[in-house]
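Peer 1: Can you read through this structure? Questions will come right after.
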Amino acid sequence: MWCASIGYWLPSGNDLMRVGPDLALIAAIVLILLTTMVTGRRALATAVIVMLGLTAGFLLNWNAGVWVSHHGPDTILEPVPASMIIVDGFTVYFRFLLLIFLAGVTSFWLLGANRQEKDSPEFFTLLLGSAVGMSLMVSTLNLLMIVVAMELASLPSYALAAFDRNSRKGAEAAVKYVIFGSITAATMVYGVSLLYGLFGTLNLAEIAQQMPFVLAEHGRTPLFYLAILAFAVGVGFKISAVPFHFWCPDVFEGARVEVTMWLSVASKAAGLCLLLRVMQTLAAGPTGAVGEYVGPIAGAIGLFAALTCFVGNLSAYRQTSVKRLLAYSSIAHAGYMLMLGAILLRPELSEGAWTAIIAYLLIYMFMNLGAFGVTALVEHYSGSDHIEQFNGLGRRAPWLAVAMAVCLFSLVGLPPLGGFLAKWWLLWALADGGGWLWALVIWACLNTAFSLFYYARIIKHMFLTEDTREKMRVPMSGVAIVQLCAVVLILTGTILAAPIRTAATRYAQGLLQSRTAETLTLTDHAPDETHESMLHH
Amino acid sequence: METQFKILGILILMAPLVSAILSAMLGRPLLRSRTHWMVIIGVGLSFVCSLLMFGLLNPDVSSPVITIYDWIATGATQNLQTQFSVNFHIDSLTTVMLVTVTLVSLLVIIYSRDYMRHEHQPDRGYERFFAFLSLFVFSMCTLVLAGNFLLLYLGWEAVGLCSYLLIGFYYPKPEAAAAAKKAFLVNRVGDLGFGLGILLIYLRCGHLDYDYVFGPGLIQLKGYETAVALLLFCGAVGKSAQLPLHVWLPDAMEGPTPVSALIHAATMVTAGVYMVARCGAIFARSEPAMMVVATTGAVTAIFAATIALAQYDLKRILAYSTISQLGYMFLGLGVFAADAAVFHLFTHAFFKALLFLGAGSVMHAMGGIIDLRQLGGLRKFLPWTFVTFVIGSAALAGLPPFAGFYSKDLILVQAINTAPVLGWMAVATAVVTAFYTFRILFLAFCGPTRVPMEVRPHESGIWMLIPMFVLSLGALGAGFLFQHRFSEYLHLVQERFASLHHERFSHEFVAVMSTVLTALGIGMAFIFYIQRPNWADRTRVLAGPIYTLLQRKYYVDELYDLLFVRPLRYLGRICFGVDCYVVDGMIWLVTGIPRLIGWTLRTLQKGALQGYGLTMALGLGILLLFVWFTQP
């Protein structure tokens, strides 16, 4: 139906401004490739371009944020009823986090021994490419766009995992990664096609609206569940939810610290945000339908969230490689955040859930940036990320050790650090739901207590294990970045706690209001008619 | 007015915190042996601000609550308040505590400048010591200024942490490390109760602000006062080393002497007293709780005082004396004489800190010897220390006109009139106190010198003597000067404790009696240790088993070892076993399932990938089944 109406389309300059940050990253990629032809393979030149791109992206995103706060969310590709890209407050927020995190990854790449590397243009091309994909993942509600964006994010990641061309492990890991990626992508596309077959549209908001009418017919519900779950498999792969996490051990083993950091934090955050957005949209359908059709999905998500954080914590427990320990801990954290997916389907709770997720993402990013950053520095300057290398770090590099301790305690969720508040808000939002959600709360608390063991192990190695090696010489800029993360965590835990909460609440309210407005306009479309016409197909 | 209080409060907290952070950061690379200046300035500023706050506060006006900022705000749920703020509750009790804490801290820090330099390890940990002390001042001020239970708890735990760090200051020494651990663990027992008490308040009232809990919240607490009060009291028992959790304080003397003076005598251990006084509104509503407080206080007072009779370690005697004096304070709180208890806290801070600094001076002079049997005749070598020690001893024993007399007297009067049995126990304690105090004085400073040949005692330097002089002034005059004004100033606290005054024994009678009894105790000590030294030995032989009982501190440590330490150690081993076998087994299992599938398939098809794929498919299948079965 809508294919006919697409006609000839050009985006307005105004629309392009909204996707400016993505365009800036793409421009940076192009520039990197061009500059390489002029200056040769210079790591520094590449990094400068990346940083310029990031700055431009940041400014454009700021601009988009201002625009969104004045005009409400923007939908791009207007002539098509199913808008391809949505730029709302959440998109802008996620882009900010992504850009900051990219800047962190770039700095650690440079600070490491990679300065002399000849391959940095390729590295950054891949990195920025996957960043664009992630940014798009979070700014769409169109199933087609979701698939494309996820592939855009995934394909460079495969290459990143195998970036060490001499490493056999890396190559093996990348092959596994590719195969899993394609299996899950195939499953996801299958789910998407089923959804399209059921509803005749690729727009999730519309699907949500039509759900009660379409599913009322006997025998369609199982198909719907299969479709949604097959779709969720693809996302589950991205956030490495159990049992779609098998690629992790190999990839984390074979990839470099920076890549591990990128794959285990940014990629996961993007997947989570996508999933939460989808959940939220489905839940925004006609009120009666939500409990009936989407309720069981919430249960399934809760179950797998619980499994994910459990397996993540258990796998981290005996790791001797700090990089992998942190990667597994990020799986556990993905599990905690995934728990929120279970309550997003209850409209009365979604405000609390969004508030929690917004705050959690911010703090999650900083604590992982800090912890992975210290690990990267230790790996570069002492040769390995084995936990033994952290011995006596409190004396050898006190500034690094202190920052690491703050980040780790924050990852555990101890007050007065940011991690505590993030977890507190998350659990509070869950507890608000009551009922079986309490089981999730208790489960999360138990897991938190359990996670203390392995985080504290690193701290023990840093401060209590004697080591006679001489002091570590770490560049000041690296120390400054991790210290900045530590300071942010302390501040978010104390003075900034209330402002963050207020801001997150306002953000969440804005999001939900705009969402409601959107569904209202969609209801005007007379769903019956659409439904009828769809049945004719 | 409010802005002024806000600025002062923030300064009082931030000055020591900033100086702690700076001396920790700059201490080793830059300041080194000048680190003390950083801390003296920080704590000095804090002291000046406390004085200003004291001067600005009008005790007759209802106390202002000053919100600094909101910390956690979570959406409202049920009837629970979900906004926790950092706020200050400033009233006369707060200002009195603040002035006491910051003044004594300042003096002790000045004293430490020389003491820590010459003590044991001149180059190791000088800056660490001062950073910890400054952090302690910050924590203690947080505890005192707090306007809600959450912040109180935070300060409470923070002072515990500082205490732990400072007891274990000489951590390579196994005794110090063990003592630090013991203090920390014993305090956990009390803090568990304290935490539960706060939780109960929160569940009943839905608020943690003092303003609410001690106001409208009291109605909601109806029926739970005793439980709340007793749970809170658990925390006080731990922190203030009352029976049965007193065991950590004597061991805490392993820390540097200035720490013993500041934390384990003058300030931190009185946090329990402060807390009970602060929560007077809750305690006063529960007769049984008050009874428990008073009884614990009185029994601990006599219990610790008798142990002090048979000890030889100078610092440990003083530690037991601290426990005993804290017992007095709790007795005072329990018999509705909170103002007297706080007054005793105030005077005690001066004379006990003074005595500890005197002991430090002796240790300093003697090269670390504090066994009374090796001291003696030190008067010749340490004239100034001797003078200040006499003043401190007289104040501790409660001789008029020294400070301890007035405050102890107020508690005794109230105790005898409201709970006669406990009152008379306290009077008996006074005699014992006088005896053991002067026993120290006579054994250490008078009589023939028993100093080992190789030690050459010398008087301490001016940096150590000046704080001692200032504290002597306090020990000399604080009681006399403030005896009437104090109670008037604190009237807010007193008001909350409904006064039950029916005098059977007049104030004058108790004063005269206690003076006579104190004199008696001192006289006995004089006879035993100066005139007829052999009497002491004869009594020791005569009292055989009782003496051993006292010397072994009533075997409490041994009892605890049997009852708790060993069983817990076994439990620890079991936990370790669980960790080794159960948790590891679980990990093995969880990681093993995919491994197993991979292995099975690998043997069939050469490659783990299929196994993983199969697990993923299984996962999807389970998801589907789950959704299918849970759908409505």
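A note on labels: chains of the structure tokens are A, B, ... as shown, every chain counts residues from 1, and ligands are counted from 1 in their shown order.
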Mind running chain A against chain B at 8 Å and telling me each contacting residue's nearest atom pair with the distance in Å (one decimal), counting only C-alpha atoms, chain and number ascending, as a tab-separated table?
Peer 2:
residue	atom	partner	partner_atom	distance
A:Lys176	CA	B:Leu609	CA	7.0
A:Phe180	CA	B:Gly613	CA	7.4
A:Pro222	CA	B:Trp628	CA	7.3
A:Tyr225	CA	B:Leu624	CA	7.2
A:Leu226	CA	B:Leu624	CA	6.7
A:Leu229	CA	B:Leu624	CA	7.2
A:Ala230	CA	B:Leu620	CA	7.5
A:Val233	CA	B:Leu620	CA	7.4
A:Pro243	CA	B:Met616	CA	5.6
A:Phe244	CA	B:Met616	CA	5.8
A:Phe246	CA	B:Tyr612	CA	6.4
A:Glu292	CA	B:Pro632	CA	6.4
A:Tyr293	CA	B:Gln631	CA	7.3
A:Gly295	CA	B:Gln631	CA	7.2
A:Pro296	CA	B:Val627	CA	5.0
A:Ile297	CA	B:Val627	CA	6.1
A:Gly299	CA	B:Val627	CA	7.5
A:Ala300	CA	B:Leu623	CA	6.2
A:Val311	CA	B:Val590	CA	7.1
A:Leu314	CA	B:Ile587	CA	5.7
A:Ser315	CA	B:Ile587	CA	6.7
A:Gly352	CA	B:Gly75	CA	7.5
A:Leu421	CA	B:Ile72	CA	7.5
A:Trp425	CA	B:Thr74	CA	6.8
A:Trp428	CA	B:Thr74	CA	7.6
A:Asp432	CA	B:Thr77	CA	7.2
A:Thr494	CA	B:Trp71	CA	6.3
A:Ile495	CA	B:Trp71	CA	6.7
A:Leu496	CA	B:Trp71	CA	7.8
A:Ala497	CA	B:Trp71	CA	5.6
A:Ala498	CA	B:Trp71	CA	5.3
A:Arg501	CA	B:Ala73	CA	6.9
Peer 1: Please measure the separation of CA of Glu470 (chain A) and CA of Ile387 (chain A), giving the value in Å to one decimal.
Peer 2: 17.1 Å
Peer 1: List the neighbours of Ala394 (chain B) out to 10 Å using only C-alpha atoms; skip same-chain residues closer than 2 positions along the sequence, and give me the result as a short mmCIF file (atom, residue, chain, number, x, y, z; two decimals) with N, CA, C and O atoms, in the first residue's frame.
Peer 2:
data_model
loop_
_atom_site.label_atom_id
_atom_site.label_comp_id
_atom_site.auth_asym_id
_atom_site.auth_seq_id
_atom_site.Cartn_x
_atom_site.Cartn_y
_atom_site.Cartn_z
N PHE B 351 39.33 15.54 80.79
CA PHE B 351 40.28 14.89 81.70
C PHE B 351 40.77 13.55 81.19
O PHE B 351 41.90 13.18 81.43
N THR B 388 50.13 17.85 85.30
CA THR B 388 48.89 17.69 84.52
C THR B 388 48.22 16.36 84.85
O THR B 388 47.00 16.27 84.92
N PHE B 389 49.04 15.35 85.11
CA PHE B 389 48.46 14.04 85.42
C PHE B 389 47.72 14.09 86.75
O PHE B 389 46.67 13.47 86.92
N VAL B 390 48.26 14.84 87.70
CA VAL B 390 47.56 14.98 88.99
C VAL B 390 46.20 15.63 88.77
O VAL B 390 45.18 15.18 89.31
N ILE B 391 46.20 16.68 87.96
CA ILE B 391 44.92 17.36 87.70
C ILE B 391 43.93 16.41 87.05
O ILE B 391 42.77 16.29 87.47
N GLY B 392 44.41 15.67 86.05
CA GLY B 392 43.54 14.72 85.37
C GLY B 392 43.03 13.66 86.32
O GLY B 392 41.83 13.33 86.32
N LEU B 396 39.21 12.79 87.35
CA LEU B 396 38.62 11.48 87.12
C LEU B 396 38.08 10.90 88.43
O LEU B 396 36.98 10.35 88.48
N ALA B 397 38.85 11.06 89.49
CA ALA B 397 38.40 10.53 90.77
C ALA B 397 37.19 11.28 91.29
O ALA B 397 36.39 10.74 92.06
N GLY B 398 37.04 12.52 90.85
CA GLY B 398 35.88 13.30 91.26
C GLY B 398 36.08 14.10 92.52
O GLY B 398 35.20 14.18 93.38
N LEU B 399 37.26 14.68 92.64
CA LEU B 399 37.50 15.54 93.79
C LEU B 399 37.03 16.95 93.46
O LEU B 399 37.28 17.43 92.35
N PRO B 400 36.34 17.61 94.36
CA PRO B 400 36.05 19.01 94.10
C PRO B 400 37.34 19.80 94.21
O PRO B 400 38.20 19.42 95.00
N PRO B 401 37.51 20.84 93.48
CA PRO B 401 36.64 21.49 92.49
C PRO B 401 36.97 21.08 91.05
O PRO B 401 36.79 21.89 90.17
N PHE B 402 37.50 19.89 90.88
CA PHE B 402 37.86 19.48 89.51
C PHE B 402 36.60 19.10 88.72
O PHE B 402 35.56 18.79 89.31
N ALA B 403 36.78 19.07 87.40
CA ALA B 403 35.61 18.98 86.52
C ALA B 403 34.75 17.75 86.77
O ALA B 403 33.52 17.83 86.84
N GLY B 404 35.42 16.60 86.94
CA GLY B 404 34.65 15.36 87.06
C GLY B 404 33.69 15.36 88.23
O GLY B 404 32.63 14.74 88.18
N PHE B 405 34.04 16.06 89.27
CA PHE B 405 33.21 16.08 90.48
C PHE B 405 31.79 16.56 90.17
O PHE B 405 30.80 15.94 90.54
N ALA B 434 38.45 6.19 92.40
CA ALA B 434 39.45 6.99 93.10
C ALA B 434 40.67 6.14 93.40
O ALA B 434 41.82 6.56 93.20
N THR B 437 42.68 5.19 90.12
CA THR B 437 43.28 6.37 89.50
C THR B 437 44.56 6.75 90.23
O THR B 437 45.61 6.99 89.62
N PHE B 438 44.45 6.78 91.55
CA PHE B 438 45.63 7.21 92.30
C PHE B 438 46.66 6.10 92.40
O PHE B 438 47.84 6.35 92.64
N ALA B 475 40.09 20.42 82.54
CA ALA B 475 39.83 19.46 83.61
C ALA B 475 39.70 20.16 84.96
O ALA B 475 39.01 19.69 85.87
N LEU B 476 40.33 21.29 85.04
CA LEU B 476 40.30 22.04 86.29
C LEU B 476 39.01 22.86 86.40
O LEU B 476 38.34 22.83 87.42
N THR B 518 35.50 9.41 97.97
CA THR B 518 36.63 9.55 97.04
C THR B 518 37.92 9.72 97.83
O THR B 518 38.93 9.07 97.55
N ILE B 522 41.27 7.45 97.75
CA ILE B 522 42.62 7.97 97.52
C ILE B 522 43.52 7.61 98.69
O ILE B 522 44.67 7.19 98.52
#
Peer 1: Could you check how far CA of Gly376 (chain B) sits from CA of Pro457 (chain B), in Å to one decimal?
Peer 2: 11.2 Å
Peer 1: Set the distance at 12 Å and use only C-alpha atoms: which residues neighbour Cys273 (chain A) once local chain neighbours fewer than 4 positions away are removed? I'd like the list as a PyMOL selection string.
Peer 2: chain A and resi 90-91+93-95+97-98+134-141+146+235-236+238-239+266-269+277-280+334+337-338+340-341+344+354+357-358+360-361
Peer 1: Keeping only N, CA and C atoms, write the selected residues as a compact mmCIF listing (two decimals), in the first residue's frame.
Peer 2:
# COMPACT_ATOMS: atom_id res chain seq x y z
N PHE A 90 15.24 10.49 23.78
CA PHE A 90 16.00 9.30 24.12
C PHE A 90 17.11 9.06 23.11
N THR A 91 16.80 9.29 21.85
CA THR A 91 17.82 9.15 20.81
C THR A 91 18.98 10.08 21.09
N TYR A 93 19.83 11.48 23.82
CA TYR A 93 20.53 11.07 25.05
C TYR A 93 21.49 9.94 24.75
N PHE A 94 20.99 8.93 24.04
CA PHE A 94 21.83 7.78 23.76
C PHE A 94 23.03 8.18 22.90
N ARG A 95 22.79 9.07 21.95
CA ARG A 95 23.90 9.51 21.11
C ARG A 95 24.98 10.19 21.93
N LEU A 97 25.74 9.62 25.03
CA LEU A 97 26.51 8.60 25.73
C LEU A 97 27.46 7.90 24.77
N LEU A 98 26.95 7.58 23.59
CA LEU A 98 27.75 6.86 22.61
C LEU A 98 28.98 7.67 22.22
N MET A 134 24.83 1.58 15.78
CA MET A 134 24.22 1.61 17.11
C MET A 134 23.33 2.82 17.28
N SER A 135 23.82 3.93 16.78
CA SER A 135 23.02 5.15 16.90
C SER A 135 21.69 4.96 16.16
N LEU A 136 21.73 4.33 15.00
CA LEU A 136 20.50 4.12 14.24
C LEU A 136 19.58 3.11 14.93
N MET A 137 20.20 2.10 15.58
CA MET A 137 19.39 1.10 16.27
C MET A 137 18.44 1.75 17.27
N VAL A 138 18.95 2.81 17.90
CA VAL A 138 18.16 3.42 18.96
C VAL A 138 17.20 4.46 18.41
N SER A 139 17.36 4.82 17.13
CA SER A 139 16.50 5.89 16.64
C SER A 139 15.52 5.41 15.57
N THR A 140 14.97 4.24 15.79
CA THR A 140 13.99 3.80 14.80
C THR A 140 12.95 2.89 15.43
N LEU A 141 11.78 2.88 14.82
CA LEU A 141 10.75 1.95 15.23
C LEU A 141 10.28 1.14 14.03
N ILE A 146 15.44 -1.42 11.72
CA ILE A 146 16.08 -2.08 12.86
C ILE A 146 17.05 -3.14 12.36
N VAL A 235 18.16 -9.43 19.21
CA VAL A 235 18.57 -8.44 20.20
C VAL A 235 19.33 -9.12 21.33
N GLY A 236 18.87 -10.30 21.70
CA GLY A 236 19.53 -11.06 22.76
C GLY A 236 20.98 -11.34 22.41
N LYS A 238 22.86 -9.38 20.62
CA LYS A 238 23.58 -8.12 20.80
C LYS A 238 23.90 -7.84 22.26
N ILE A 239 22.93 -8.11 23.11
CA ILE A 239 23.18 -7.80 24.53
C ILE A 239 23.74 -9.01 25.25
N ALA A 266 29.11 -0.63 24.71
CA ALA A 266 28.30 0.18 23.79
C ALA A 266 27.30 -0.69 23.04
N SER A 267 27.80 -1.82 22.54
CA SER A 267 26.92 -2.68 21.76
C SER A 267 25.75 -3.17 22.61
N LYS A 268 26.08 -3.50 23.85
CA LYS A 268 25.04 -3.98 24.75
C LYS A 268 24.02 -2.88 25.05
N ALA A 269 24.54 -1.69 25.30
CA ALA A 269 23.65 -0.58 25.62
C ALA A 269 22.70 -0.31 24.46
N ARG A 277 12.84 0.16 23.77
CA ARG A 277 11.99 1.00 22.94
C ARG A 277 10.88 0.16 22.30
N VAL A 278 11.27 -1.01 21.82
CA VAL A 278 10.27 -1.89 21.19
C VAL A 278 9.20 -2.29 22.20
N MET A 279 9.66 -2.67 23.38
CA MET A 279 8.72 -3.07 24.43
C MET A 279 7.74 -1.96 24.74
N GLN A 280 8.34 -0.78 24.92
CA GLN A 280 7.54 0.38 25.26
C GLN A 280 6.49 0.63 24.19
N ALA A 334 23.88 -6.14 32.12
CA ALA A 334 22.84 -6.17 31.09
C ALA A 334 21.63 -6.91 31.63
N MET A 337 19.60 -4.63 33.77
CA MET A 337 18.85 -3.65 33.00
C MET A 337 17.71 -4.31 32.23
N LEU A 338 17.98 -5.55 31.80
CA LEU A 338 16.96 -6.27 31.06
C LEU A 338 15.71 -6.49 31.93
N LEU A 340 14.27 -4.49 33.59
CA LEU A 340 13.33 -3.38 33.39
C LEU A 340 12.40 -3.64 32.22
N GLY A 341 12.88 -4.46 31.27
CA GLY A 341 12.03 -4.80 30.13
C GLY A 341 10.73 -5.42 30.60
N LEU A 344 8.37 -2.57 31.59
CA LEU A 344 8.02 -1.56 30.60
C LEU A 344 6.66 -1.85 29.97
N TRP A 354 11.68 3.97 32.80
CA TRP A 354 12.49 4.82 31.94
C TRP A 354 13.45 5.67 32.73
N ILE A 357 16.27 3.51 33.72
CA ILE A 357 17.17 3.08 32.65
C ILE A 357 18.04 4.24 32.18
N ILE A 358 17.46 5.43 32.18
CA ILE A 358 18.24 6.59 31.74
C ILE A 358 19.40 6.84 32.69
N TYR A 360 20.65 4.65 34.79
CA TYR A 360 21.55 3.50 34.83
C TYR A 360 22.55 3.53 33.69
N LEU A 361 22.05 3.85 32.50
CA LEU A 361 22.93 3.86 31.33
C LEU A 361 24.10 4.82 31.52
Peer 1: May I ask which of the residues B:Thr3, B:Asn417, B:Ser163, B:Thr100 is the closest one to Phe129 (chain B), counting only C-alpha atoms?
Peer 2: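 Once distances to Phe129 (chain B) are computed over only C-alpha atoms, the minimum belongs to B:Ser163.
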Peer 1: Residues at most 9 Å from region 61-70 of chain A, counting only C-alpha atoms, excluding those fewer than 4 positions away in the same chain, as a short mmCIF file (atom, residue, chain, number, x, y, z; two decimals) with N, CA, C and O atoms, in the first residue's frame?
Peer 2:
data_model
loop_
_atom_site.label_atom_id
_atom_site.label_comp_id
_atom_site.auth_asym_id
_atom_site.auth_seq_id
_atom_site.Cartn_x
_atom_site.Cartn_y
_atom_site.Cartn_z
N MET A 17 19.55 17.86 9.83
CA MET A 17 20.18 18.32 11.06
C MET A 17 19.92 17.34 12.20
O MET A 17 20.74 17.17 13.09
N ARG A 18 18.74 16.74 12.19
CA ARG A 18 18.40 15.82 13.28
C ARG A 18 19.29 14.57 13.27
O ARG A 18 19.60 14.02 14.29
N VAL A 19 19.63 14.13 12.04
CA VAL A 19 20.51 12.97 11.96
C VAL A 19 21.96 13.41 11.79
O VAL A 19 22.82 12.59 11.46
N GLY A 20 22.21 14.67 12.06
CA GLY A 20 23.55 15.22 11.91
C GLY A 20 24.65 14.42 12.58
O GLY A 20 25.68 14.17 11.96
N PRO A 21 24.47 14.00 13.80
CA PRO A 21 25.55 13.26 14.47
C PRO A 21 25.96 12.02 13.69
O PRO A 21 27.15 11.75 13.55
N ALA A 56 32.15 17.34 16.25
CA ALA A 56 31.08 17.81 15.38
C ALA A 56 29.78 17.09 15.71
O ALA A 56 28.71 17.70 15.82
N GLY A 57 29.90 15.75 15.89
CA GLY A 57 28.72 14.96 16.24
C GLY A 57 28.10 15.45 17.53
O GLY A 57 26.88 15.58 17.65
N ASP A 74 11.11 14.25 16.33
CA ASP A 74 11.07 14.45 14.90
C ASP A 74 11.07 13.09 14.21
O ASP A 74 11.79 12.18 14.61
N VAL A 87 13.81 10.84 15.92
CA VAL A 87 14.78 11.52 16.77
C VAL A 87 14.00 12.15 17.90
O VAL A 87 13.30 13.13 17.73
N ASP A 88 14.07 11.50 19.05
CA ASP A 88 13.41 12.10 20.22
C ASP A 88 14.45 12.24 21.33
O ASP A 88 15.65 12.03 21.10
N GLY A 89 13.98 12.61 22.51
CA GLY A 89 14.90 12.86 23.61
C GLY A 89 15.80 11.67 23.88
O GLY A 89 16.99 11.81 24.15
N THR A 91 16.80 9.29 21.85
CA THR A 91 17.82 9.15 20.81
C THR A 91 18.98 10.08 21.09
O THR A 91 20.15 9.68 21.06
N VAL A 92 18.62 11.33 21.36
CA VAL A 92 19.66 12.33 21.60
C VAL A 92 20.51 11.93 22.79
O VAL A 92 21.74 11.97 22.74
N TYR A 93 19.83 11.48 23.82
CA TYR A 93 20.53 11.07 25.05
C TYR A 93 21.49 9.94 24.75
O TYR A 93 22.66 9.96 25.13
N ARG A 95 22.79 9.07 21.95
CA ARG A 95 23.90 9.51 21.11
C ARG A 95 24.98 10.19 21.93
O ARG A 95 26.17 9.99 21.71
N PHE A 96 24.54 10.99 22.89
CA PHE A 96 25.53 11.65 23.76
C PHE A 96 26.40 10.61 24.44
O PHE A 96 27.63 10.69 24.43
N GLY A 510 8.79 13.25 29.34
CA GLY A 510 8.74 13.79 27.99
C GLY A 510 8.58 12.69 26.96
O GLY A 510 7.74 12.76 26.07
#
Peer 1: Can you tell me, as a PyMOL selection string, which residues in region 247-392 of chain B count as alpha helix (DSSP H) by DSSP?
Peer 2: chain B and resi 248-251+257-261+271-278+280-283+287-309+314-334+338-366+383-392
Peer 1: Give me, as an MDAnalysis selection string, all polymer residues having an atom no more than 12 Å from Gln4 (chain B), counting only C-alpha atoms and skipping those fewer than 3 positions away in the same chain.
Peer 2: chainID B and resid 1 7:11 49:50 52:57 64 66 90
Peer 1: Quick one: everything within 9 Å of Met253 (chain B), counting only C-alpha atoms, minus sequence neighbours fewer than 6 positions away in the same chain. Send it as a list in words.
Peer 2: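 Here the answer would be Ile167, Ala176, Ala179, Val259, Ser260, His264, Lys315, Arg316 and Ala319 of chain B.
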Peer 1: With N, CA and C atoms retained, could you export that selection as a PDB file, in the first residue's frame?
Peer 2:
ATOM      1  N   ILE B 167      43.376   2.118  64.783  1.00  0.00           N
ATOM      2  CA  ILE B 167      43.823   1.069  65.715  1.00  0.00           C
ATOM      3  C   ILE B 167      44.877   0.223  65.019  1.00  0.00           C
ATOM      4  N   ALA B 176      48.264  -5.284  66.705  1.00  0.00           N
ATOM      5  CA  ALA B 176      47.509  -4.117  66.232  1.00  0.00           C
ATOM      6  C   ALA B 176      46.492  -4.543  65.184  1.00  0.00           C
ATOM      7  N   ALA B 179      43.711  -6.336  66.893  1.00  0.00           N
ATOM      8  CA  ALA B 179      42.861  -5.435  67.671  1.00  0.00           C
ATOM      9  C   ALA B 179      41.922  -4.665  66.751  1.00  0.00           C
ATOM     10  N   VAL B 259      45.596   8.676  69.297  1.00  0.00           N
ATOM     11  CA  VAL B 259      44.344   8.104  68.827  1.00  0.00           C
ATOM     12  C   VAL B 259      43.524   7.603  69.995  1.00  0.00           C
ATOM     13  N   SER B 260      44.191   6.942  70.935  1.00  0.00           N
ATOM     14  CA  SER B 260      43.469   6.475  72.120  1.00  0.00           C
ATOM     15  C   SER B 260      42.844   7.652  72.843  1.00  0.00           C
ATOM     16  N   HIS B 264      39.295   6.916  71.260  1.00  0.00           N
ATOM     17  CA  HIS B 264      38.848   5.873  72.177  1.00  0.00           C
ATOM     18  C   HIS B 264      38.709   6.369  73.603  1.00  0.00           C
ATOM     19  N   LYS B 315      47.861   2.148  79.695  1.00  0.00           N
ATOM     20  CA  LYS B 315      46.806   2.547  78.764  1.00  0.00           C
ATOM     21  C   LYS B 315      45.549   1.693  78.933  1.00  0.00           C
ATOM     22  N   ARG B 316      45.748   0.428  79.263  1.00  0.00           N
ATOM     23  CA  ARG B 316      44.582  -0.428  79.433  1.00  0.00           C
ATOM     24  C   ARG B 316      43.772  -0.032  80.660  1.00  0.00           C
ATOM     25  N   ALA B 319      41.771   2.661  79.589  1.00  0.00           N
ATOM     26  CA  ALA B 319      40.683   2.203  78.726  1.00  0.00           C
ATOM     27  C   ALA B 319      39.528   1.665  79.562  1.00  0.00           C
TER      28      ALA B 319
END
Peer 1: Out of A:Ala305, A:Met404, A:Ala371, A:Leu282, which residue has the shortest atom-to-atom distance to Leu326 (chain A) when counting only C-alpha atoms?
Peer 2: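 That would be A:Ala371, the residue with the smallest distance to Leu326 (chain A).
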Peer 1: Point out the residue among A:Lys169, A:Gln209, A:Phe231, A:Ala153 with the least atom-to-atom distance to Ala186 (chain A), counting only C-alpha atoms.
Peer 2: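 Checking each of A:Lys169, A:Gln209, A:Phe231, A:Ala153 against Ala186 (chain A), counting only C-alpha atoms, the winner is A:Phe231.
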Peer 1: Using DSSP on the backbone coordinates, identify the residues of region 1-124 of chain B assigned to strand (DSSP E); present them as a PyMOL selection string.
Peer 2: chain B and resi 65-73+83-89
Peer 1: Choose the residue, out of B:Glu459, B:Tyr170, B:Leu550, B:Tyr406, that has the smallest atom-to-atom separation from Leu481 (chain B); count only C-alpha atoms.
Peer 2: B:Tyr406
Peer 1: Name the closest residue to Ser19 (chain B) among the candidates B:Arg117, B:Leu107, B:Asp339, B:Phe132; distances are taken between atoms, counting only C-alpha atoms.
Peer 2: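 For Ser19 (chain B), the nearest of the candidates is B:Phe132.
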